[in-house]
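Engineer: Quick one: structure below, then a few questions.
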Amino acid sequence: MGQLTVLALRGVLVMLLAGSVFIQGVLVWLLVAGPGDPDAALASVRTPVFLIVVLGAAAAEVVLVCVWRLVTMVRRGTVFSLDAFRYVHVVIGAFVAAALLVFTLGVVLAPGEAVAPGIVLILGGVVVAVLGVALVVLVLRMLLAQAVARDIEAARMRDELAEVI
């Protein structure tokens, strides 16, 4: 990965992380400040929705930090090591947690007249999509495992060849 690519990706990660932290701060401030004009249909789900969104932003922040660490490993040439699995596992866990949060949001919004039923159906589709991303990352983890195994095997063969020579 080239230096310009690493810098561009890190710039994007910093902007996303800053935006996520800003959104969390605004939502916490809105939750503490209380409703300006409470709507009866939304008043009962206001706190759970805010908390779910804040936790969802935290899951996104975890993914961003792990991607930063993996990019650092790529730049150093150490990504094909067993240390990379720790970050990949955390990313998979964060995506599963995000899917559970979206499902919980759908459950919170389903009863009553807070939102239209189509919104809850869309949230169900988002759950499937987020779980699909987790599965894609799992497949990439399997590819990483194959690459690490081949790298270890190549190092073993180099050592054996060095002994012979």
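In the structure tokens, chains take the letters A, B, ... in the order shown, each chain's residues start at 1, and ligands count up from 1 in the order shown.
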Show me, as number ranges by chain, the residues that have an atom within 9 Å of Thr72 (chain A) when counting only C-alpha atoms, minus same-chain residues fewer than 6 positions from it.

Structural biologist: A: 6, 78-79

Engineer: Generate the output file for the selected residues, C-alpha atoms, as a compact mmCIF listing (two decimals), in the first residue's frame.

Structural biologist:
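Written file, result_11.txt:
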# COMPACT_ATOMS: atom_id res chain seq x y z
CA VAL A 6 -2.27 5.27 3.66
CA THR A 78 3.35 -7.06 9.57
CA VAL A 79 -0.29 -7.56 8.61

Engineer: Excluding Ile122 (chain A) and residues on its chain fewer than 2 positions from it, collect all residues at most 12 Å away from it, counting only C-alpha atoms, and give them as a PyMOL selection string.

Structural biologist: chain A and resi 102-103+105-106+109-110+115-120+124-129

Engineer: Output C-alpha atoms for every residue in that selection, as a JSON list (two decimals), in the first residue's frame.

Structural biologist:
[["chain", "number", "residue", "atom", "x", "y", "z"],
["A", 102, "VAL", "CA", -30.43, -2.15, 14.74],
["A", 103, "PHE", "CA", -32.65, -5.13, 15.58],
["A", 105, "LEU", "CA", -34.12, -0.32, 17.42],
["A", 106, "GLY", "CA", -36.71, -2.11, 15.28],
["A", 109, "LEU", "CA", -40.02, 1.29, 17.31],
["A", 110, "ALA", "CA", -42.41, -1.53, 16.29],
["A", 115, "VAL", "CA", -43.09, 5.15, 13.13],
["A", 116, "ALA", "CA", -44.67, 3.61, 10.07],
["A", 117, "PRO", "CA", -44.49, -0.19, 9.78],
["A", 118, "GLY", "CA", -42.37, 0.15, 6.65],
["A", 119, "ILE", "CA", -39.60, 1.76, 8.70],
["A", 120, "VAL", "CA", -39.44, -1.31, 10.94],
["A", 124, "GLY", "CA", -34.95, -5.55, 9.37],
["A", 125, "GLY", "CA", -33.27, -5.26, 5.98],
["A", 126, "VAL", "CA", -30.49, -3.17, 7.53],
["A", 127, "VAL", "CA", -29.94, -5.93, 10.11],
["A", 128, "VAL", "CA", -29.48, -8.46, 7.30],
["A", 129, "ALA", "CA", -27.12, -6.09, 5.46]]

Engineer: Have a look at A:Ala18, A:Phe50, A:Val107, A:Ala134 and name the one nearest to His89 (chain A); count only C-alpha atoms.

Structural biologist: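 Of A:Ala18, A:Phe50, A:Val107, A:Ala134, the one nearest His89 (chain A) is A:Ala134, counting only C-alpha atoms.
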
Engineer: So that I can check the surroundings of region 61-71 of chain A, please list as a PyMOL selection string every protein, DNA and RNA residue that reaches within 12 Å of it, counting only C-alpha atoms and ignoring chain neighbours fewer than 6 positions away.

Structural biologist: chain A and resi 1-3+5-24+54-55+77-98+134+137+144

Engineer: Grab the residues selected above and save them as a compact mmCIF listing (two decimals), in the first residue's frame with N, CA and C atoms.

Structural biologist:
# COMPACT_ATOMS: atom_id res chain seq x y z
N MET A 1 0.86 -1.16 0.00
CA MET A 1 0.00 0.00 0.00
C MET A 1 0.90 1.22 0.00
N GLY A 2 0.65 2.14 -0.90
CA GLY A 2 1.49 3.32 -1.04
C GLY A 2 1.27 4.33 0.08
N GLN A 3 2.24 5.21 0.23
CA GLN A 3 2.19 6.23 1.28
C GLN A 3 0.98 7.15 1.09
N THR A 5 -1.88 6.44 -0.37
CA THR A 5 -3.09 5.68 -0.03
C THR A 5 -3.28 5.61 1.47
N VAL A 6 -2.19 5.35 2.19
CA VAL A 6 -2.27 5.27 3.66
C VAL A 6 -2.70 6.62 4.23
N LEU A 7 -2.12 7.70 3.73
CA LEU A 7 -2.48 9.03 4.22
C LEU A 7 -3.94 9.36 3.91
N ALA A 8 -4.39 9.02 2.71
CA ALA A 8 -5.78 9.29 2.35
C ALA A 8 -6.74 8.49 3.22
N LEU A 9 -6.43 7.21 3.43
CA LEU A 9 -7.29 6.37 4.27
C LEU A 9 -7.30 6.88 5.71
N ARG A 10 -6.15 7.26 6.21
CA ARG A 10 -6.11 7.79 7.57
C ARG A 10 -6.88 9.11 7.68
N GLY A 11 -6.83 9.93 6.66
CA GLY A 11 -7.61 11.17 6.66
C GLY A 11 -9.11 10.88 6.73
N VAL A 12 -9.54 9.91 5.94
CA VAL A 12 -10.96 9.52 5.96
C VAL A 12 -11.33 8.96 7.33
N LEU A 13 -10.47 8.12 7.89
CA LEU A 13 -10.75 7.53 9.21
C LEU A 13 -10.85 8.61 10.29
N VAL A 14 -9.97 9.61 10.23
CA VAL A 14 -10.02 10.69 11.22
C VAL A 14 -11.31 11.49 11.08
N MET A 15 -11.72 11.79 9.84
CA MET A 15 -12.96 12.54 9.64
C MET A 15 -14.17 11.74 10.13
N LEU A 16 -14.20 10.45 9.83
CA LEU A 16 -15.31 9.62 10.28
C LEU A 16 -15.35 9.51 11.80
N LEU A 17 -14.19 9.35 12.41
CA LEU A 17 -14.13 9.26 13.87
C LEU A 17 -14.57 10.56 14.51
N ALA A 18 -14.10 11.68 13.98
CA ALA A 18 -14.50 12.99 14.53
C ALA A 18 -16.01 13.20 14.37
N GLY A 19 -16.55 12.83 13.23
CA GLY A 19 -17.99 12.96 13.02
C GLY A 19 -18.79 12.08 13.96
N SER A 20 -18.31 10.88 14.19
CA SER A 20 -19.00 9.97 15.09
C SER A 20 -18.99 10.49 16.53
N VAL A 21 -17.85 10.99 16.96
CA VAL A 21 -17.76 11.55 18.31
C VAL A 21 -18.65 12.78 18.43
N PHE A 22 -18.70 13.61 17.39
CA PHE A 22 -19.56 14.79 17.40
C PHE A 22 -21.03 14.38 17.53
N ILE A 23 -21.44 13.39 16.74
CA ILE A 23 -22.83 12.92 16.80
C ILE A 23 -23.16 12.38 18.19
N GLN A 24 -22.24 11.62 18.77
CA GLN A 24 -22.47 11.11 20.12
C GLN A 24 -22.63 12.26 21.12
N VAL A 54 -26.27 6.11 20.11
CA VAL A 54 -24.96 6.38 20.72
C VAL A 54 -24.12 5.10 20.76
N LEU A 55 -24.71 3.98 21.12
CA LEU A 55 -23.99 2.71 21.14
C LEU A 55 -23.60 2.27 19.73
N GLY A 77 4.35 -3.78 7.15
CA GLY A 77 4.58 -5.09 6.55
C GLY A 77 4.37 -6.24 7.52
N THR A 78 3.58 -6.01 8.57
CA THR A 78 3.35 -7.06 9.57
C THR A 78 1.90 -7.53 9.61
N VAL A 79 1.13 -7.21 8.58
CA VAL A 79 -0.29 -7.56 8.61
C VAL A 79 -0.50 -9.07 8.49
N PHE A 80 0.44 -9.77 7.85
CA PHE A 80 0.31 -11.21 7.72
C PHE A 80 0.95 -11.90 8.92
N SER A 81 0.41 -11.58 10.09
CA SER A 81 0.87 -12.18 11.33
C SER A 81 -0.34 -12.51 12.19
N LEU A 82 -0.10 -13.24 13.24
CA LEU A 82 -1.19 -13.64 14.11
C LEU A 82 -1.78 -12.45 14.88
N ASP A 83 -1.02 -11.36 15.02
CA ASP A 83 -1.52 -10.18 15.73
C ASP A 83 -2.70 -9.53 15.01
N ALA A 84 -2.76 -9.66 13.70
CA ALA A 84 -3.83 -9.03 12.93
C ALA A 84 -5.20 -9.64 13.24
N PHE A 85 -5.21 -10.89 13.66
CA PHE A 85 -6.49 -11.55 13.93
C PHE A 85 -7.25 -10.88 15.07
N ARG A 86 -6.54 -10.35 16.04
CA ARG A 86 -7.20 -9.68 17.16
C ARG A 86 -8.09 -8.55 16.65
N TYR A 87 -7.56 -7.75 15.75
CA TYR A 87 -8.34 -6.61 15.23
C TYR A 87 -9.47 -7.07 14.32
N VAL A 88 -9.23 -8.09 13.54
CA VAL A 88 -10.28 -8.61 12.66
C VAL A 88 -11.43 -9.19 13.49
N HIS A 89 -11.10 -9.89 14.57
CA HIS A 89 -12.14 -10.44 15.44
C HIS A 89 -12.97 -9.33 16.08
N VAL A 90 -12.31 -8.25 16.49
CA VAL A 90 -13.03 -7.12 17.09
C VAL A 90 -13.95 -6.47 16.05
N VAL A 91 -13.49 -6.36 14.82
CA VAL A 91 -14.33 -5.79 13.75
C VAL A 91 -15.57 -6.65 13.53
N ILE A 92 -15.38 -7.96 13.47
CA ILE A 92 -16.53 -8.86 13.29
C ILE A 92 -17.50 -8.70 14.46
N GLY A 93 -16.98 -8.67 15.67
CA GLY A 93 -17.83 -8.49 16.85
C GLY A 93 -18.57 -7.16 16.83
N ALA A 94 -17.91 -6.11 16.38
CA ALA A 94 -18.56 -4.80 16.32
C ALA A 94 -19.70 -4.79 15.30
N PHE A 95 -19.50 -5.46 14.17
CA PHE A 95 -20.58 -5.53 13.18
C PHE A 95 -21.76 -6.35 13.70
N VAL A 96 -21.49 -7.43 14.41
CA VAL A 96 -22.58 -8.22 14.99
C VAL A 96 -23.30 -7.39 16.05
N ALA A 97 -22.55 -6.67 16.87
CA ALA A 97 -23.17 -5.80 17.88
C ALA A 97 -24.03 -4.72 17.21
N ALA A 98 -23.54 -4.16 16.11
CA ALA A 98 -24.31 -3.15 15.38
C ALA A 98 -25.61 -3.74 14.83
N ALA A 134 -20.61 -8.43 8.22
CA ALA A 134 -19.85 -9.24 9.18
C ALA A 134 -19.39 -10.55 8.53
N VAL A 137 -16.43 -9.84 6.24
CA VAL A 137 -15.21 -9.69 7.03
C VAL A 137 -14.72 -11.05 7.52
N LEU A 144 -7.03 -14.14 5.27
CA LEU A 144 -5.87 -13.73 6.06
C LEU A 144 -5.24 -14.95 6.73

Engineer: Based on DSSP run over this structure's backbone, return all residues of chain A in helix (DSSP H, G or I), as a PyMOL selection string.

Structural biologist: chain A and resi 3-33+40-43+46-76+84-109+117-164

Engineer: Keeping C-alpha atoms for every residue in the selection just given, could you write it to a file as a compact mmCIF listing (two decimals), in the first residue's frame?

Structural biologist:
# COMPACT_ATOMS: atom_id res chain seq x y z
CA GLN A 3 2.19 6.23 1.28
CA LEU A 4 -0.46 8.40 -0.42
CA THR A 5 -3.09 5.68 -0.03
CA VAL A 6 -2.27 5.27 3.66
CA LEU A 7 -2.48 9.03 4.22
CA ALA A 8 -5.78 9.29 2.35
CA LEU A 9 -7.29 6.37 4.27
CA ARG A 10 -6.11 7.79 7.57
CA GLY A 11 -7.61 11.17 6.66
CA VAL A 12 -10.96 9.52 5.96
CA LEU A 13 -10.75 7.53 9.21
CA VAL A 14 -10.02 10.69 11.22
CA MET A 15 -12.96 12.54 9.64
CA LEU A 16 -15.31 9.62 10.28
CA LEU A 17 -14.13 9.26 13.87
CA ALA A 18 -14.50 12.99 14.53
CA GLY A 19 -17.99 12.96 13.02
CA SER A 20 -19.00 9.97 15.09
CA VAL A 21 -17.76 11.55 18.31
CA PHE A 22 -19.56 14.79 17.40
CA ILE A 23 -22.83 12.92 16.80
CA GLN A 24 -22.47 11.11 20.12
CA GLY A 25 -21.86 14.39 21.93
CA VAL A 26 -24.86 16.08 20.34
CA LEU A 27 -27.13 13.13 21.10
CA VAL A 28 -26.03 12.94 24.72
CA TRP A 29 -26.55 16.70 25.04
CA LEU A 30 -30.05 16.40 23.51
CA LEU A 31 -30.90 13.51 25.81
CA VAL A 32 -29.82 15.47 28.90
CA ALA A 33 -31.48 18.70 27.74
CA ALA A 40 -46.77 11.68 22.64
CA ALA A 41 -45.97 8.95 20.10
CA LEU A 42 -42.20 9.54 20.24
CA ALA A 43 -41.80 10.44 23.93
CA ARG A 46 -36.93 8.79 22.86
CA THR A 47 -34.40 7.58 25.43
CA PRO A 48 -33.95 4.05 24.05
CA VAL A 49 -33.51 5.37 20.50
CA PHE A 50 -30.89 7.89 21.64
CA LEU A 51 -29.00 5.22 23.58
CA ILE A 52 -29.11 2.77 20.66
CA VAL A 53 -27.75 5.42 18.28
CA VAL A 54 -24.96 6.38 20.72
CA LEU A 55 -23.99 2.71 21.14
CA GLY A 56 -24.13 2.23 17.36
CA ALA A 57 -21.74 5.15 16.92
CA ALA A 58 -19.45 3.54 19.50
CA ALA A 59 -19.47 0.30 17.48
CA ALA A 60 -18.52 2.29 14.38
CA GLU A 61 -15.69 3.95 16.30
CA VAL A 62 -14.35 0.55 17.35
CA VAL A 63 -14.30 -0.53 13.69
CA LEU A 64 -12.51 2.68 12.68
CA VAL A 65 -9.81 2.23 15.34
CA CYS A 66 -9.27 -1.40 14.32
CA VAL A 67 -8.98 -0.43 10.65
CA TRP A 68 -6.43 2.23 11.66
CA ARG A 69 -4.39 -0.44 13.46
CA LEU A 70 -4.61 -2.80 10.47
CA VAL A 71 -3.48 -0.03 8.11
CA THR A 72 -0.53 0.58 10.42
CA MET A 73 0.31 -3.13 10.23
CA VAL A 74 0.08 -3.01 6.43
CA ARG A 75 2.44 -0.03 6.30
CA ARG A 76 4.93 -1.85 8.51
CA ALA A 84 -3.83 -9.03 12.93
CA PHE A 85 -6.49 -11.55 13.93
CA ARG A 86 -7.20 -9.68 17.16
CA TYR A 87 -8.34 -6.61 15.23
CA VAL A 88 -10.28 -8.61 12.66
CA HIS A 89 -12.14 -10.44 15.44
CA VAL A 90 -13.03 -7.12 17.09
CA VAL A 91 -14.33 -5.79 13.75
CA ILE A 92 -16.53 -8.86 13.29
CA GLY A 93 -17.83 -8.49 16.85
CA ALA A 94 -18.56 -4.80 16.32
CA PHE A 95 -20.58 -5.53 13.18
CA VAL A 96 -22.58 -8.22 14.99
CA ALA A 97 -23.17 -5.80 17.88
CA ALA A 98 -24.31 -3.15 15.38
CA ALA A 99 -26.75 -5.63 13.83
CA LEU A 100 -28.14 -6.41 17.28
CA LEU A 101 -28.51 -2.70 17.98
CA VAL A 102 -30.43 -2.15 14.74
CA PHE A 103 -32.65 -5.13 15.58
CA THR A 104 -33.24 -3.65 19.03
CA LEU A 105 -34.12 -0.32 17.42
CA GLY A 106 -36.71 -2.11 15.28
CA VAL A 107 -38.16 -3.81 18.35
CA VAL A 108 -38.35 -0.49 20.22
CA LEU A 109 -40.02 1.29 17.31
CA PRO A 117 -44.49 -0.19 9.78
CA GLY A 118 -42.37 0.15 6.65
CA ILE A 119 -39.60 1.76 8.70
CA VAL A 120 -39.44 -1.31 10.94
CA LEU A 121 -39.28 -3.51 7.83
CA ILE A 122 -36.43 -1.38 6.46
CA LEU A 123 -34.60 -1.78 9.77
CA GLY A 124 -34.95 -5.55 9.37
CA GLY A 125 -33.27 -5.26 5.98
CA VAL A 126 -30.49 -3.17 7.53
CA VAL A 127 -29.94 -5.93 10.11
CA VAL A 128 -29.48 -8.46 7.30
CA ALA A 129 -27.12 -6.09 5.46
CA VAL A 130 -24.95 -5.46 8.53
CA LEU A 131 -24.78 -9.19 9.25
CA GLY A 132 -23.79 -9.64 5.59
CA VAL A 133 -20.89 -7.22 6.11
CA ALA A 134 -19.85 -9.24 9.18
CA LEU A 135 -19.85 -12.38 7.02
CA VAL A 136 -17.73 -10.67 4.35
CA VAL A 137 -15.21 -9.69 7.03
CA LEU A 138 -15.28 -13.30 8.25
CA VAL A 139 -14.42 -14.50 4.72
CA LEU A 140 -11.59 -11.95 4.58
CA ARG A 141 -10.41 -13.31 7.93
CA MET A 142 -10.24 -16.78 6.39
CA LEU A 143 -8.17 -15.38 3.53
CA LEU A 144 -5.87 -13.73 6.06
CA ALA A 145 -5.52 -17.06 7.86
CA GLN A 146 -4.49 -18.75 4.61
CA ALA A 147 -1.96 -15.99 3.87
CA VAL A 148 -0.48 -16.23 7.38
CA ALA A 149 -0.23 -20.02 7.09
CA ARG A 150 1.54 -19.71 3.74
CA ASP A 151 3.87 -17.05 5.12
CA ILE A 152 4.79 -19.29 8.06
CA GLU A 153 5.33 -22.24 5.70
CA ALA A 154 7.51 -20.13 3.40
CA ALA A 155 9.62 -18.99 6.37
CA ARG A 156 10.04 -22.62 7.47
CA MET A 157 11.11 -23.65 3.97
CA ARG A 158 13.61 -20.76 3.79
CA ASP A 159 15.10 -21.88 7.10
CA GLU A 160 15.39 -25.47 5.86
CA LEU A 161 16.98 -24.29 2.62
CA ALA A 162 19.44 -22.13 4.55
CA GLU A 163 20.46 -25.19 6.60
CA VAL A 164 21.05 -27.23 3.46
